[in-house]
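Asker: Sharing a structure with you now.
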Amino acid sequence: MIQDVENRAKNPDTAVSNARGDKLWRYFVIGLPYLWLLLFFLAPFAIVLKISLATPVVAQPPFTQLLDLSVGAQQWLLATLDNYRFLTEDNLYWISYLKSIKIAAISTLLCLLIGYPMAYGIATASQRRRNLLLMLVILPFWTSFLLRVYAWMGLLGKQGVINSLLLKMGLIDSPLQMLYTDMAVYLGIVYTYIPFMILPLYASLEKMDLSLHDAAADLGAKPWQRFIDITLPLSLPGIIAGSLLVFIPAIGEYVIPALLGGLDSLMIGRTLFDEFFVNRDWPLASAVAIILLFILVIPIMLLQRVQRES
Amino acid sequence: MNSDNTQIKSSKPYVAQTPWLDPQAVPFIQIRDLTKHFGTVKAVHNLALDIYQGELFTILGGSGCGKSTLLRMLAGFEIPTRGQIIIDGVDMADIPAYERPVNMMFQSYAVFPHMTVEQNIAYGLKKERLPAADITDRVSQMLNLVQLDNLGKRKPNQLSGGQRQRVALARALIKQPKVLLLDEPLAALDKKLREQTQFELMNLQYELGTTFVVVTHDQEEAMTLSTRIAVMDAGKFVQIGTPTQVYESPHNRFVADFFGTMNFFNATVTEADNSAQSVTVTLEKTGTEVQATTEQQYRAGDKITIAVRPEKITVSQSRPDGPSMTITKGTIEDLAYYGNRSVYRVRSQSGRVIQVSAQNYQRSEELLLEWDDEVFLSWDSSCNVVLSE
């Protein structure tokens, strides 16, 4: 802005055209993310929504068109809510949704419990060590996510590293069933998503004024009271941001429960995959996806409200 | 604050209380051989200090002189490498910050941003588990004392800097500490507000009788607030004394320079009468003979510095006379007009620049003295301060 004013003062002739150029540039910069959202979120969403209102057919593509002008004028709109009705009738879907919410919620809590002390440790470390520790948190991302999940299979399996070690040490007589259990799913999700918890927590803890802790101590607060009264409430935005960053992808997680979970750990991602690729019922799968989206929109709106308040 | 302005207070509390001169008085805070090293950095070194009850004691020094470290050790945030802190007869060595009978007002104020003004002020009492009714009473008293009566429900981000400072002060005072520590209490305020707050702080201290220990880098603030000042440099006390002592009789060049401006003259002792505590010295370059008094012992031939404050020097156009005067002649090279006073930089005959500060007694729309005017400079020999370096 300052430069703007200076330019105008120097060259009153070009000021007007400069202002117009600035305005165009501003529209361009603001418009770009909107265009992105339109192309890659809103348009696909509309397509999925459209499919969810169609009827499955054995054809290419495997669903009916919504508009059929060749038929009589009375039934040109072929939209149907049958798919959504079916979701409420079959228990399978509700069980999947609830199971997903449960696994995502418990994983988020575990991430928070493990991630908070880590983030606190990093935020209070010396500047040089802090960068190293942050690197270590981000480092696993440098290898493929799929590889890391397969690595867990190698560790947890019947003939896996952990079982053979325990057998060799004589601590167990027969291998433990660790792979294909809910425990393995929790382990996988917590392991994969914990950086998303640590980083926002670190960001909110790092900018905290340390003299606030001194002030609380000075006024008679013991160390644990300082944590409850000062650190925890001031890091709340970080807790919420981290929790959402873990909860939202965890609820729709497909790969981890598919590879590490048992047959009974039916999460919604798995159900969705089965509807699409096994049953080839695209409209029903689309309806599942739309409902999932609405389940996720609620916590996102929560996040935005918190951010606006702080 | 007292609204009765028609009558001047006859009592002089700040002059009457001089416990440091009373050999019977027991110091309230005793600091013995206090040392703090951070790795290889010696932040403070072998400090010894007595502070008496009811004092408004200031620790003054530039940044990095160790004054904040000293304050943090008093509060219990830093553990001394060596030495002792005794407050009201109790050794503080094993007492953590949250159990010490001291409270601190932080430089950044450290007001809790997620609590209202009331919650901030009540925090210390809540940690003492006082009944809620008592807390409410005392909080409203405190709000009244710091003149924030109507702002109790506000959040800190809805307050001005001066108001936040009052919240920090009230929060620290509500626990009725034996000692209140203030870290640069006025640094974040603008000039006008600073002056006003200075007086409020002094009145508050006088009313409550709490011992205040202030850390500051601002010598003017230190002079106006304090009963006594400890000047710090490089982790050590350079001089401890009343504001008048450190200003009028600085121990060395550092202290002399720290408080305002000073003219320094290199000189050699020609005659020393140690029983009368007086010396006769010869100024370098001009060879002028000058008398001065000093408590130090000197011998003829010792190299010393004579220091004279700019406001002690009289500037005149006719040659003044009187006993025991030092008189020199010079030309005004530079002048600055401040309204109430003017500062002149006068080049003397020997080529040295002497700074003079003179009150503008007469009302005149023109400058009475101009650039390049020939003037006489004179001062009484009692104004000469002898420094060893």
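How things are named: the first chain in the structure tokens is A, the next is B, and so on; residues count from 1 in each chain; ligands count from 1 in the order shown.
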Using only C-alpha atoms, find each residue in chain A having at least one atom no more than 9 Å away from chain B; report its shortest atom-to-atom pair and that distance in Å (one decimal), rows by chain then rising number, as CSV.
Answerer:
```
residue,atom,partner,partner_atom,distance
A:Asp209,CA,B:Ala110,CA,7.7
A:Leu210,CA,B:Ala110,CA,8.7
A:Ser211,CA,B:Ala110,CA,5.8
A:Leu212,CA,B:Ala110,CA,5.1
A:His213,CA,B:Ala110,CA,8.6
A:Asp214,CA,B:Phe77,CA,7.1
A:Ala215,CA,B:Ala110,CA,6.4
A:Ala216,CA,B:Gly124,CA,7.9
A:Ala217,CA,B:Tyr98,CA,4.8
A:Asp218,CA,B:Tyr98,CA,5.1
A:Leu219,CA,B:Gly124,CA,4.6
A:Gly220,CA,B:Tyr98,CA,4.0
A:Ala221,CA,B:Tyr98,CA,5.8
A:Lys222,CA,B:Tyr98,CA,6.4
A:Pro223,CA,B:Tyr98,CA,8.9
A:Gln225,CA,B:Lys127,CA,8.7
A:Ile230,CA,B:Phe112,CA,7.6
A:Pro233,CA,B:His114,CA,7.5
A:Leu234,CA,B:His114,CA,7.1
```
Asker: Among stretch 149-310 of chain B, which residues carry a DSSP assignment of helix (DSSP H, G or I), reported as a PyMOL selection string?
Answerer: chain B and resi 149-151+156-158+161-173+191-208+219-225+243-248+253-258+310
Asker: Mind dumping the selected residues with C-alpha atoms as a tab-separated table (two decimals), in the first residue's frame?
Answerer:
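After the write, result-v9.tsv holds the following:
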```tsv
chain	number	residue	atom	x	y	z
B	149	ASP	CA	-13.04	-0.36	38.75
B	150	ASN	CA	-15.13	-0.67	35.61
B	151	LEU	CA	-12.82	-2.87	33.59
B	156	PRO	CA	-6.42	-8.11	28.33
B	157	ASN	CA	-6.57	-7.53	24.57
B	158	GLN	CA	-9.28	-4.93	25.19
B	161	GLY	CA	-0.74	-0.65	27.64
B	162	GLY	CA	-1.14	1.48	30.75
B	163	GLN	CA	-4.19	-0.48	31.85
B	164	ARG	CA	-2.40	-3.79	31.35
B	165	GLN	CA	0.42	-2.49	33.49
B	166	ARG	CA	-2.07	-1.75	36.27
B	167	VAL	CA	-3.53	-5.24	35.99
B	168	ALA	CA	-0.03	-6.70	36.36
B	169	LEU	CA	0.60	-4.46	39.36
B	170	ALA	CA	-2.70	-5.34	41.04
B	171	ARG	CA	-2.14	-9.03	40.39
B	172	ALA	CA	1.27	-8.90	42.03
B	173	LEU	CA	0.10	-6.80	45.01
B	191	LYS	CA	6.54	9.44	28.21
B	192	LYS	CA	3.59	11.33	29.68
B	193	LEU	CA	2.02	8.21	31.13
B	194	ARG	CA	5.39	7.14	32.49
B	195	GLU	CA	5.80	10.30	34.52
B	196	GLN	CA	2.29	10.04	35.93
B	197	THR	CA	2.67	6.36	36.75
B	198	GLN	CA	6.00	7.04	38.43
B	199	PHE	CA	4.34	9.20	41.04
B	200	GLU	CA	1.46	6.77	41.46
B	201	LEU	CA	3.91	3.97	42.05
B	202	MET	CA	5.75	6.02	44.69
B	203	ASN	CA	2.53	6.94	46.48
B	204	LEU	CA	1.34	3.35	46.37
B	205	GLN	CA	4.60	2.12	47.83
B	206	TYR	CA	4.42	4.72	50.60
B	207	GLU	CA	0.81	3.82	51.46
B	208	LEU	CA	1.38	0.06	51.50
B	219	GLN	CA	18.53	6.51	35.16
B	220	GLU	CA	15.88	9.23	35.37
B	221	GLU	CA	13.31	6.68	36.50
B	222	ALA	CA	15.77	5.34	39.07
B	223	MET	CA	16.51	8.81	40.43
B	224	THR	CA	12.90	9.86	40.86
B	225	LEU	CA	11.60	6.58	42.29
B	243	PRO	CA	20.01	9.22	44.16
B	244	THR	CA	21.85	12.36	45.30
B	245	GLN	CA	24.94	10.35	46.27
B	246	VAL	CA	25.25	8.57	42.94
B	247	TYR	CA	24.57	11.77	41.02
B	248	GLU	CA	26.70	14.21	42.97
B	253	ARG	CA	33.64	7.49	35.35
B	254	PHE	CA	31.03	4.80	34.50
B	255	VAL	CA	28.58	6.01	37.16
B	256	ALA	CA	29.33	9.67	36.40
B	257	ASP	CA	28.62	9.10	32.73
B	258	PHE	CA	25.55	6.91	33.33
B	310	PRO	CA	27.17	20.95	33.21
```
Asker: What does the distance between atom CA of B:Tyr361 and atom CA of B:Val385 come to in Å, to one decimal place?
Answerer: 26.5 Å
Asker: List the neighbours of stretch 174-188 of chain A out to 8 Å using only C-alpha atoms; skip same-chain residues closer than 2 positions along the sequence, and give me the result as an mmCIF file with N, CA and C atoms, in the first residue's frame.
Answerer:
```
data_model
loop_
_atom_site.group_PDB
_atom_site.id
_atom_site.type_symbol
_atom_site.label_atom_id
_atom_site.label_comp_id
_atom_site.auth_asym_id
_atom_site.auth_seq_id
_atom_site.Cartn_x
_atom_site.Cartn_y
_atom_site.Cartn_z
ATOM 1 N N ILE A 103 -13.168 -45.538 15.793
ATOM 2 C CA ILE A 103 -11.727 -45.738 15.573
ATOM 3 C C ILE A 103 -11.024 -44.396 15.389
ATOM 4 N N ILE A 106 -10.882 -42.572 18.892
ATOM 5 C CA ILE A 106 -9.890 -43.130 19.820
ATOM 6 C C ILE A 106 -8.474 -42.857 19.308
ATOM 7 N N SER A 107 -8.275 -42.988 17.991
ATOM 8 C CA SER A 107 -6.953 -42.703 17.417
ATOM 9 C C SER A 107 -6.562 -41.256 17.673
ATOM 10 N N VAL A 149 3.207 -48.974 6.024
ATOM 11 C CA VAL A 149 2.142 -49.849 6.514
ATOM 12 C C VAL A 149 2.539 -51.319 6.325
ATOM 13 N N TRP A 152 4.759 -52.441 9.017
ATOM 14 C CA TRP A 152 4.052 -52.863 10.239
ATOM 15 C C TRP A 152 3.555 -54.293 10.112
ATOM 16 N N MET A 153 3.129 -54.670 8.910
ATOM 17 C CA MET A 153 2.687 -56.060 8.702
ATOM 18 C C MET A 153 3.844 -57.005 8.989
ATOM 19 N N LEU A 156 4.238 -57.117 12.831
ATOM 20 C CA LEU A 156 3.162 -57.648 13.664
ATOM 21 C C LEU A 156 2.730 -59.068 13.299
ATOM 22 N N GLY A 157 3.105 -59.548 12.122
ATOM 23 C CA GLY A 157 2.605 -60.828 11.610
ATOM 24 C C GLY A 157 2.942 -62.026 12.491
ATOM 25 N N LYS A 158 2.289 -63.167 12.176
ATOM 26 C CA LYS A 158 2.508 -64.412 12.947
ATOM 27 C C LYS A 158 3.976 -64.805 12.906
ATOM 28 N N GLN A 159 4.588 -64.672 11.713
ATOM 29 C CA GLN A 159 6.018 -64.953 11.604
ATOM 30 C C GLN A 159 6.830 -63.651 11.634
ATOM 31 N N ASN A 163 6.861 -61.311 17.057
ATOM 32 C CA ASN A 163 6.504 -62.646 17.499
ATOM 33 C C ASN A 163 7.715 -63.576 17.561
ATOM 34 N N SER A 164 8.565 -63.525 16.534
ATOM 35 C CA SER A 164 9.714 -64.442 16.555
ATOM 36 C C SER A 164 10.680 -64.069 17.676
ATOM 37 N N LEU A 167 9.143 -65.352 20.880
ATOM 38 C CA LEU A 167 9.244 -66.817 20.923
ATOM 39 C C LEU A 167 10.662 -67.246 21.280
ATOM 40 N N ILE A 172 6.690 -66.298 25.168
ATOM 41 C CA ILE A 172 5.401 -66.853 24.742
ATOM 42 C C ILE A 172 5.639 -68.232 24.104
ATOM 43 N N VAL A 190 -2.398 -44.173 14.411
ATOM 44 C CA VAL A 190 -1.660 -43.273 15.309
ATOM 45 C C VAL A 190 -0.266 -43.027 14.752
ATOM 46 N N TYR A 191 0.373 -44.118 14.300
ATOM 47 C CA TYR A 191 1.728 -43.986 13.759
ATOM 48 C C TYR A 191 1.744 -43.056 12.542
ATOM 49 N N THR A 192 0.753 -43.213 11.675
ATOM 50 C CA THR A 192 0.753 -42.446 10.426
ATOM 51 C C THR A 192 0.401 -40.974 10.645
ATOM 52 N N ILE A 256 -5.138 -48.487 5.773
ATOM 53 C CA ILE A 256 -4.687 -49.047 7.052
ATOM 54 C C ILE A 256 -5.633 -50.149 7.547
ATOM 55 N N PRO A 257 -6.959 -49.906 7.616
ATOM 56 C CA PRO A 257 -7.821 -51.012 8.060
ATOM 57 C C PRO A 257 -7.826 -52.180 7.068
ATOM 58 N N LEU A 259 -5.277 -53.266 5.276
ATOM 59 C CA LEU A 259 -4.052 -54.059 5.366
ATOM 60 C C LEU A 259 -3.810 -54.619 6.765
ATOM 61 N N LEU A 260 -4.105 -53.797 7.797
ATOM 62 C CA LEU A 260 -3.766 -54.213 9.158
ATOM 63 C C LEU A 260 -4.966 -54.754 9.925
ATOM 64 N N GLY A 261 -6.189 -54.369 9.499
ATOM 65 C CA GLY A 261 -7.378 -54.721 10.265
ATOM 66 C C GLY A 261 -7.909 -56.106 9.927
ATOM 67 N N GLY A 262 -8.710 -56.640 10.851
ATOM 68 C CA GLY A 262 -9.350 -57.928 10.618
ATOM 69 C C GLY A 262 -10.585 -57.754 9.755
ATOM 70 N N LEU A 263 -11.230 -58.876 9.458
ATOM 71 C CA LEU A 263 -12.411 -58.807 8.603
ATOM 72 C C LEU A 263 -13.549 -58.055 9.283
ATOM 73 N N SER A 265 -13.188 -55.460 11.276
ATOM 74 C CA SER A 265 -12.971 -54.019 11.439
ATOM 75 C C SER A 265 -13.416 -53.300 10.174
#
```
Asker: For A:Ala54, find every residue with an atom within 6 Å (counting only C-alpha atoms), except residues of its own chain fewer than 4 positions away, and show them as a PyMOL selection string.
Answerer: chain A and resi 64+79+283
Asker: Using only C-alpha atoms, please write the residues we just selected to a file, as a PDB file, in the first residue's frame.
Answerer:
```pdb
ATOM      1  CA  THR A  64     -28.896 -44.026 -15.249  1.00  0.00           C
ATOM      2  CA  ALA A  79     -33.662 -38.516  -9.631  1.00  0.00           C
ATOM      3  CA  PRO A 283     -25.003 -44.691  -6.997  1.00  0.00           C
TER       4      PRO A 283
END
```
